[in-house]
$ cat query-v1.txt   # compact mmCIF, C-alpha atoms
# COMPACT_ATOMS: atom_id res chain seq x y z
CA MET E 1400 71.36 220.77 170.72
CA CYS E 1401 68.35 222.35 172.52
CA GLY E 1402 68.41 224.43 175.68
CA ILE E 1403 66.57 223.99 178.97
CA VAL E 1404 65.76 226.49 181.71
CA GLY E 1405 63.99 226.27 185.04
CA ILE E 1406 62.86 228.33 188.02
CA ILE E 1407 61.63 227.16 191.41
CA ASP E 1408 61.07 230.28 193.51
CA PHE E 1409 59.87 229.81 197.08
CA ASN E 1410 59.81 233.59 197.58
CA GLY E 1411 57.30 234.42 194.84
CA ASN E 1412 59.55 236.82 192.94
CA SER E 1413 59.61 235.06 189.54
CA ASP E 1414 56.86 235.65 186.99
CA ARG E 1415 56.41 234.09 183.56
CA GLU E 1416 58.11 237.04 181.87
CA ILE E 1417 61.34 236.28 183.73
CA LEU E 1418 61.15 232.65 182.61
CA GLU E 1419 60.69 233.74 178.99
CA GLN E 1420 63.61 236.17 179.15
CA MET E 1421 65.90 233.48 180.60
CA THR E 1422 64.84 231.04 177.88
CA LYS E 1423 65.44 233.57 175.09
CA THR E 1424 69.14 233.77 176.06
CA LEU E 1425 69.43 230.19 174.73
CA ALA E 1426 67.80 230.87 171.36
CA HIS E 1427 71.05 229.91 169.60
CA ARG E 1428 70.74 226.38 171.05
CA GLY E 1429 67.24 225.86 169.66
CA PRO E 1430 66.14 227.86 166.63
CA ASP E 1431 63.17 225.63 165.79
CA GLY E 1432 60.83 226.63 168.59
CA GLU E 1433 60.30 227.52 172.22
CA GLY E 1434 57.89 226.42 174.92
CA PHE E 1435 57.02 227.22 178.54
CA PHE E 1436 55.35 225.69 181.56
CA TYR E 1437 54.50 228.03 184.43
CA ASN E 1438 52.63 227.24 187.61
CA GLU E 1439 52.11 228.90 190.97
CA ASN E 1440 50.98 226.85 193.96
CA ARG E 1441 51.01 227.19 197.74
CA ILE E 1442 54.68 226.21 197.87
CA ALA E 1443 56.46 227.96 195.03
CA GLN E 1444 56.45 229.38 191.54
CA ILE E 1445 57.59 226.68 189.09
CA GLY E 1446 58.70 227.49 185.57
CA LEU E 1447 60.22 225.33 182.82
CA GLY E 1448 61.49 226.72 179.53
CA HIS E 1449 62.75 225.01 176.38
CA ARG E 1450 64.44 226.01 173.12
CA ARG E 1451 64.09 223.29 170.51
CA LEU E 1452 66.44 221.99 167.84
CA SER E 1453 64.29 219.38 166.09
CA ILE E 1454 66.06 216.05 165.47
CA ILE E 1455 63.55 213.28 166.21
CA ASP E 1456 59.81 213.72 165.48
CA LEU E 1457 59.67 217.19 163.93
CA SER E 1458 55.95 217.60 164.67
CA ASN E 1459 54.50 220.09 167.15
CA ALA E 1460 53.25 217.16 169.21
CA ALA E 1461 56.86 216.52 170.27
CA SER E 1462 57.39 220.10 171.49
CA GLN E 1463 58.51 220.79 175.04
CA PRO E 1464 57.87 221.19 177.89
CA MET E 1465 55.98 217.93 177.47
CA GLN E 1466 53.34 216.69 179.88
CA TYR E 1467 52.35 213.14 180.72
CA LYS E 1468 49.96 212.60 183.62
CA SER E 1469 51.48 214.47 186.60
CA PHE E 1470 54.90 214.84 184.95
CA GLN E 1471 56.37 217.80 183.06
CA ILE E 1472 59.73 217.42 181.30
CA VAL E 1473 62.34 219.57 179.59
CA PHE E 1474 65.04 217.59 177.82
CA ASN E 1475 68.29 218.37 176.01
CA GLY E 1476 69.93 215.52 174.13
CA GLU E 1477 69.05 212.19 172.56
CA ILE E 1478 68.17 208.73 173.87
CA TYR E 1479 69.62 206.57 171.12
CA ASN E 1480 67.89 203.34 172.12
CA TYR E 1481 64.48 204.91 172.68
CA ARG E 1482 62.83 202.61 170.08
CA GLU E 1483 63.89 199.51 172.00
CA ILE E 1484 62.66 200.97 175.29
CA LYS E 1485 59.41 202.09 173.66
CA LYS E 1486 58.79 198.56 172.37
CA GLU E 1487 59.21 197.17 175.89
CA LEU E 1488 56.89 199.82 177.33
CA LEU E 1489 54.24 199.06 174.69
CA GLY E 1490 54.39 195.46 175.84
CA ARG E 1491 53.72 196.70 179.37
CA GLY E 1492 50.56 198.51 178.30
CA HIS E 1493 51.83 202.03 177.65
CA HIS E 1494 50.37 204.13 174.84
CA PHE E 1495 52.20 206.88 172.95
CA ILE E 1496 51.01 209.88 170.94
CA THR E 1497 54.37 210.93 169.43
CA ASN E 1498 57.43 209.29 167.90
CA SER E 1499 59.79 211.25 170.16
CA ASP E 1500 62.40 210.03 172.62
CA THR E 1501 61.13 212.68 175.06
CA GLU E 1502 57.83 210.89 175.52
CA VAL E 1503 59.69 207.60 176.05
CA ILE E 1504 61.61 209.17 178.96
CA LEU E 1505 58.34 210.14 180.65
CA HIS E 1506 56.79 206.69 180.29
CA ALA E 1507 60.03 205.01 181.38
CA PHE E 1508 60.15 207.24 184.44
CA GLU E 1509 56.58 206.28 185.33
CA GLU E 1510 57.38 202.56 184.87
CA TRP E 1511 60.78 202.32 186.58
CA GLY E 1512 61.28 205.57 188.49
CA ASN E 1513 64.88 206.74 188.87
CA ASN E 1514 66.13 203.35 187.67
CA ALA E 1515 64.89 204.22 184.17
CA VAL E 1516 68.10 206.15 183.58
CA ASN E 1517 70.09 202.90 183.71
CA ARG E 1518 68.31 201.80 180.52
CA PHE E 1519 69.15 204.93 178.55
CA ILE E 1520 71.95 204.94 175.97
CA GLY E 1521 72.55 208.53 174.96
CA MET E 1522 73.63 212.03 175.83
CA PHE E 1523 71.18 213.97 177.95
CA SER E 1524 70.27 216.51 180.55
CA PHE E 1525 66.63 216.38 181.49
CA VAL E 1526 64.45 217.66 184.30
CA ILE E 1527 61.12 216.19 185.40
CA PHE E 1528 58.68 218.07 187.61
CA ASP E 1529 56.46 215.60 189.42
CA GLN E 1530 53.37 217.62 190.38
CA GLN E 1531 51.96 214.79 192.49
CA LYS E 1532 55.07 214.34 194.63
CA GLN E 1533 55.99 218.04 194.39
CA GLN E 1534 59.59 217.34 193.47
CA ILE E 1535 62.08 218.27 190.80
CA ILE E 1536 64.49 215.61 189.56
CA ALA E 1537 67.32 216.26 187.11
CA PHE E 1538 69.62 213.76 185.38
CA ARG E 1539 72.90 214.21 183.50
CA ASP E 1540 74.41 211.61 181.15
CA ARG E 1541 77.27 209.33 182.18
CA ALA E 1542 80.04 211.18 180.35
CA GLY E 1543 78.67 214.67 180.97
CA VAL E 1544 78.25 215.45 177.27
CA LYS E 1545 75.22 217.65 177.93
CA PRO E 1546 75.71 220.58 180.33
CA PHE E 1547 73.64 221.31 183.41
CA TYR E 1548 74.16 224.33 185.69
CA TYR E 1549 72.14 225.15 188.77
CA TYR E 1550 71.88 227.86 191.44
CA TRP E 1551 70.48 227.33 194.95
CA GLU E 1552 70.37 230.19 197.45
CA ASN E 1553 67.83 231.96 199.67
CA GLY E 1554 64.82 230.01 198.47
CA LEU E 1555 65.62 230.34 194.77
CA PHE E 1556 66.55 227.36 192.60
CA LEU E 1557 67.54 228.00 188.98
CA PHE E 1558 68.89 225.65 186.31
CA ALA E 1559 69.90 225.96 182.68
CA SER E 1560 72.04 224.54 179.90
CA GLU E 1561 74.24 227.64 180.06
CA LEU E 1562 75.19 230.08 182.80
CA LYS E 1563 73.98 233.08 180.80
CA ALA E 1564 70.37 231.95 181.30
CA ILE E 1565 70.79 231.72 185.09
CA VAL E 1566 72.53 235.09 185.26
CA ALA E 1567 69.55 236.61 183.42
CA HIS E 1568 67.31 236.10 186.48
CA PRO E 1569 67.04 239.47 188.30
CA HIS E 1570 67.46 237.86 191.74
CA PHE E 1571 70.56 235.87 190.86
CA VAL E 1572 73.40 237.16 193.05
CA LYS E 1573 76.43 237.46 190.77
CA VAL E 1574 79.47 237.06 193.02
CA LEU E 1575 82.75 235.61 191.72
CA ASN E 1576 83.94 232.46 193.48
CA THR E 1577 87.61 233.20 194.08
CA ALA E 1578 88.55 229.53 194.62
CA SER E 1579 86.98 228.64 191.27
CA ALA E 1580 88.78 231.55 189.60
CA ALA E 1581 92.08 230.25 191.02
CA ALA E 1582 91.29 226.74 189.72
CA PHE E 1583 90.61 228.19 186.27
CA LEU E 1584 93.97 229.97 186.25
CA GLN E 1585 95.75 226.79 187.37
CA TYR E 1586 93.93 224.14 185.31
CA GLY E 1587 92.32 226.10 182.47
CA ASN E 1588 88.84 225.07 183.64
CA VAL E 1589 86.64 225.03 186.73
CA PRO E 1590 86.31 221.39 187.86
CA ALA E 1591 82.79 220.06 188.46
CA PRO E 1592 80.77 220.42 190.61
CA TYR E 1593 82.06 223.94 191.12
CA CYS E 1594 81.25 227.00 189.08
CA ILE E 1595 82.71 230.48 188.56
CA TYR E 1596 79.95 232.05 190.73
CA ASN E 1597 79.06 231.51 194.38
CA ASN E 1598 76.13 229.19 195.09
CA CYS E 1599 76.20 228.01 191.48
CA PHE E 1600 77.21 224.46 190.50
CA LYS E 1601 77.48 221.95 187.68
CA LEU E 1602 75.60 218.71 188.11
CA GLU E 1603 78.35 216.11 187.79
CA PRO E 1604 78.29 213.48 185.04
CA ALA E 1605 76.36 210.30 185.93
CA HIS E 1606 74.58 212.11 188.76
CA TYR E 1607 71.01 213.11 189.45
CA LEU E 1608 69.61 215.89 191.59
CA THR E 1609 66.39 215.90 193.61
CA LEU E 1610 64.67 218.98 195.03
CA ASN E 1611 61.85 218.24 197.46
CA LEU E 1612 59.54 221.25 197.26
CA GLU E 1613 57.69 220.50 200.49
CA LYS E 1614 60.87 220.25 202.57
CA LYS E 1615 62.99 222.61 200.42
CA GLU E 1616 65.71 219.95 200.47
CA LEU E 1617 68.20 219.43 197.63
CA THR E 1618 70.24 216.24 197.29
CA THR E 1619 72.53 214.79 194.61
CA ASN E 1620 73.30 211.12 193.98
CA GLN E 1621 75.49 209.12 191.60
CA TYR E 1622 73.80 206.47 189.44
CA TRP E 1623 76.81 205.17 187.46
CA ASP E 1624 80.55 204.81 188.00
CA VAL E 1625 83.20 204.47 185.28
CA PHE E 1626 85.31 202.17 187.48
CA GLY E 1627 82.42 199.77 187.88
CA ALA E 1628 82.09 199.66 184.09
CA TYR E 1629 85.80 198.98 183.55
CA ASN E 1630 85.85 196.30 186.25
CA GLN E 1631 83.37 194.10 184.40
CA PRO E 1632 84.68 190.59 183.56
CA LYS E 1633 87.04 190.65 180.58
CA LEU E 1634 86.10 188.91 177.36
CA LYS E 1635 88.29 186.00 176.30
CA LEU E 1636 88.75 186.56 172.57
CA SER E 1637 91.36 185.80 169.95
CA GLU E 1638 92.87 188.69 167.98
CA SER E 1639 90.59 188.10 164.99
CA GLU E 1640 87.53 187.83 167.26
CA ALA E 1641 88.53 191.04 169.04
CA ILE E 1642 88.78 192.87 165.70
CA GLU E 1643 85.34 191.65 164.66
CA GLU E 1644 83.81 192.51 168.02
CA THR E 1645 85.34 196.01 167.96
CA GLU E 1646 83.89 196.67 164.52
CA ARG E 1647 80.49 195.38 165.66
CA ILE E 1648 80.49 197.66 168.71
CA ILE E 1649 81.54 200.73 166.71
CA LYS E 1650 78.99 199.98 163.99
CA ARG E 1651 76.23 199.61 166.58
CA ALA E 1652 77.21 202.94 168.14
CA CYS E 1653 77.17 204.60 164.71
CA ASP E 1654 73.78 203.07 163.87
CA TYR E 1655 72.30 204.53 167.05
CA ARG E 1656 73.56 207.99 166.20
CA MET E 1657 72.19 207.85 162.66
CA ILE E 1658 68.61 207.73 163.98
CA ALA E 1659 67.20 211.15 163.05
CA ASP E 1660 64.45 212.81 161.04
CA VAL E 1661 66.93 215.33 159.64
CA PRO E 1662 70.23 214.90 157.73
CA VAL E 1663 73.19 213.71 159.81
CA GLY E 1664 76.79 214.79 159.23
CA VAL E 1665 80.23 213.94 160.60
CA PHE E 1666 82.98 216.24 161.85
CA LEU E 1667 86.06 214.72 160.20
CA SER E 1668 89.40 215.82 161.70
CA GLY E 1669 91.49 213.27 159.80
CA GLY E 1670 92.52 211.25 162.85
CA TYR E 1671 92.07 207.50 163.22
CA ASP E 1672 88.85 207.74 165.23
CA SER E 1673 86.85 210.12 163.04
CA SER E 1674 88.20 208.48 159.86
CA CYS E 1675 87.07 205.07 161.13
CA ILE E 1676 83.58 206.36 161.96
CA THR E 1677 83.27 208.14 158.62
CA ALA E 1678 84.38 205.04 156.71
CA LEU E 1679 81.83 202.89 158.54
CA LEU E 1680 79.02 205.34 157.89
CA GLN E 1681 80.00 205.64 154.23
CA LYS E 1682 79.96 201.85 153.96
$ encode --input "query-v1.txt" --output "structure tokens"
Amino acid sequence: MCGIVGIIDFNGNSDREILEQMTKTLAHRGPDGEGFFYNENRIAQIGLGHRRLSIIDLSNAASQPMQYKSFQIVFNGEIYNYREIKKELLGRGHHFITNSDTEVILHAFEEWGNNAVNRFIGMFSFVIFDQQKQQIIAFRDRAGVKPFYYYWENGLFLFASELKAIVAHPHFVKVLNTASAAAFLQYGNVPAPYCIYNNCFKLEPAHYLTLNLEKKELTTNQYWDVFGAYNQPKLKLSESEAIEETERIIKRACDYRMIADVPVGVFLSGGYDSSCITALLQK
């Protein structure tokens, strides 16, 4: 599962101890280890924290935050097709020191910039700090499987996998958003991008966020749209061909999710979907 945390404080009120305390609130998401990156420069204090649940490449070399050239990354999730992307990057002259999907993200980002996300098949929330450009960029997967919360107010930017980590910062202003509370009572949830607290938001699925440290400007953009995916040209298949193609697609999806350096299990509810997946994996 893993947990990620971050601080960008333009006011100079956030030390490393605060970063560590925020990260410790997510210990339940990552019992296998923790890591920190902390830097103070002329613009801001920058801190990245990570709690690790080891799935791919269990070695210490794959620990986070991970650095590559001027990039630092914290990552929650999995890139299922990372081996295919890695092979392409090797052909382009890249060299790797781990077998992790985290390192592949960094190299892909260097090679293709923001467009790298369009190559990723997976579930993810990741943040890259580009020390050369002095910017923070955060991505969330297309379906919003992995959570990403952020706070932006009075020169303080915080992000985390769970709200409890953001609330742990001593300068977070904890004020209930009454409109969000009303939405929760009406719908049973607080719709994205809103959050239960003022000045606190969820990064929407299939979106990325950029914080320019020099200009102190925050922007969000959408990189994928479900309607665009559904409006692709329809396949012309017979019933038997459609059955075969459906099985091939499901099997490919299952194969991707079986890539791990630890045992993999299935939550079986007994419905058609989980029973189908379990039967395919058993086969």
$ closest_atom_pairs --input "query-v1.txt" --of "segment 1531-1621 of chain E" --to "segment 1435-1450 of chain E" --cutoff "12 Å" --atoms "only C-alpha atoms" --output "JSON lines"
{"residue": "E:Gln1533", "atom": "CA", "partner": "E:Ile1442", "partner_atom": "CA", "distance": 9.0}
{"residue": "E:Gln1534", "atom": "CA", "partner": "E:Ile1445", "partner_atom": "CA", "distance": 10.5}
{"residue": "E:Ile1535", "atom": "CA", "partner": "E:Ile1445", "partner_atom": "CA", "distance": 9.7}
{"residue": "E:Gly1554", "atom": "CA", "partner": "E:Ala1443", "partner_atom": "CA", "distance": 9.3}
{"residue": "E:Leu1555", "atom": "CA", "partner": "E:Ala1443", "partner_atom": "CA", "distance": 9.5}
{"residue": "E:Phe1556", "atom": "CA", "partner": "E:Ile1445", "partner_atom": "CA", "distance": 9.6}
{"residue": "E:Leu1557", "atom": "CA", "partner": "E:Gly1446", "partner_atom": "CA", "distance": 9.5}
{"residue": "E:Phe1558", "atom": "CA", "partner": "E:Leu1447", "partner_atom": "CA", "distance": 9.4}
{"residue": "E:Ala1559", "atom": "CA", "partner": "E:Gly1448", "partner_atom": "CA", "distance": 9.0}
{"residue": "E:Ser1560", "atom": "CA", "partner": "E:His1449", "partner_atom": "CA", "distance": 9.9}
{"residue": "E:Ala1564", "atom": "CA", "partner": "E:Gly1448", "partner_atom": "CA", "distance": 10.5}
{"residue": "E:Ile1565", "atom": "CA", "partner": "E:Gly1448", "partner_atom": "CA", "distance": 11.9}
{"residue": "E:Asn1611", "atom": "CA", "partner": "E:Ile1442", "partner_atom": "CA", "distance": 10.7}
{"residue": "E:Leu1612", "atom": "CA", "partner": "E:Ile1442", "partner_atom": "CA", "distance": 7.0}
{"residue": "E:Glu1613", "atom": "CA", "partner": "E:Ile1442", "partner_atom": "CA", "distance": 7.0}
{"residue": "E:Lys1614", "atom": "CA", "partner": "E:Ile1442", "partner_atom": "CA", "distance": 9.8}
{"residue": "E:Lys1615", "atom": "CA", "partner": "E:Ile1442", "partner_atom": "CA", "distance": 9.4}
$ closest_residue --input "query-v1.txt" --among "E:His1606, E:Arg1491, E:Arg1518, E:His1427" --to "Tyr1479 of chain E" --atoms "all atoms listed in the file"
E:Arg1518
$ atom_distance --input "query-v1.txt" --atom1 "atom CA of Asn1498 of chain E" --atom2 "atom CA of Asp1456 of chain E"
5.6 Å
$ closest_residue --input "query-v1.txt" --among "E:Ile1478, E:Ile1472, E:Val1404, E:Leu1608" --to "Ala1659 of chain E" --atoms "all atoms listed in the file"
E:Ile1478
$ closest_residue --input "query-v1.txt" --among "E:Gln1420, E:Phe1528, E:Leu1489, E:Val1516" --to "Gln1471 of chain E" --atoms "all atoms listed in the file"
E:Phe1528
$ closest_residue --input "query-v1.txt" --among "E:Leu1418, E:Cys1401, E:Cys1594, E:Ala1460" --to "Phe1474 of chain E" --atoms "all atoms listed in the file"
E:Cys1401
$ atom_distance --input "query-v1.txt" --atom1 "atom CA of Arg1541 of chain E" --atom2 "atom CA of Phe1600 of chain E"
17.3 Å
$ atom_distance --input "query-v1.txt" --atom1 "atom CA of Leu1679 of chain E" --atom2 "atom CA of Val1665 of chain E"
11.4 Å
$ closest_residue --input "query-v1.txt" --among "E:Gly1669, E:Pro1632, E:Gly1434, E:Gly1405" --to "Ile1536 of chain E" --atoms "all atoms listed in the file"
E:Gly1405
$ closest_residue --input "query-v1.txt" --among "E:Tyr1481, E:Trp1551, E:Phe1583, E:Tyr1467" --to "His1494 of chain E" --atoms "all atoms listed in the file"
E:Tyr1467
$ axis_aligned_box --input "query-v1.txt" --around "segment 1497-1507 of chain E" --padding-each-side "8 Å" --output "lines of an AutoDock Vina configuration file"
center_x = 58.4
center_y = 208.8
center_z = 174.6
size_x = 24.0
size_y = 23.7
size_z = 29.5
$ residues_around --input "query-v1.txt" --residues "Pro1604 of chain E" --least-positions-apart "6" --cutoff "10 Å" --atoms "only C-alpha atoms" --output "NGL selection string"
:E and (1524 or 1538-1547 or 1591-1592 or 1621-1624)
$ residues_near_point --input "query-v1.txt" --point "(52.6, 208.1, 173.4)" --cutoff "12 Å" --atoms "only C-alpha atoms" --output "number ranges by chain"
E: 1460-1461, 1465-1468, 1485-1486, 1488-1489, 1492-1507
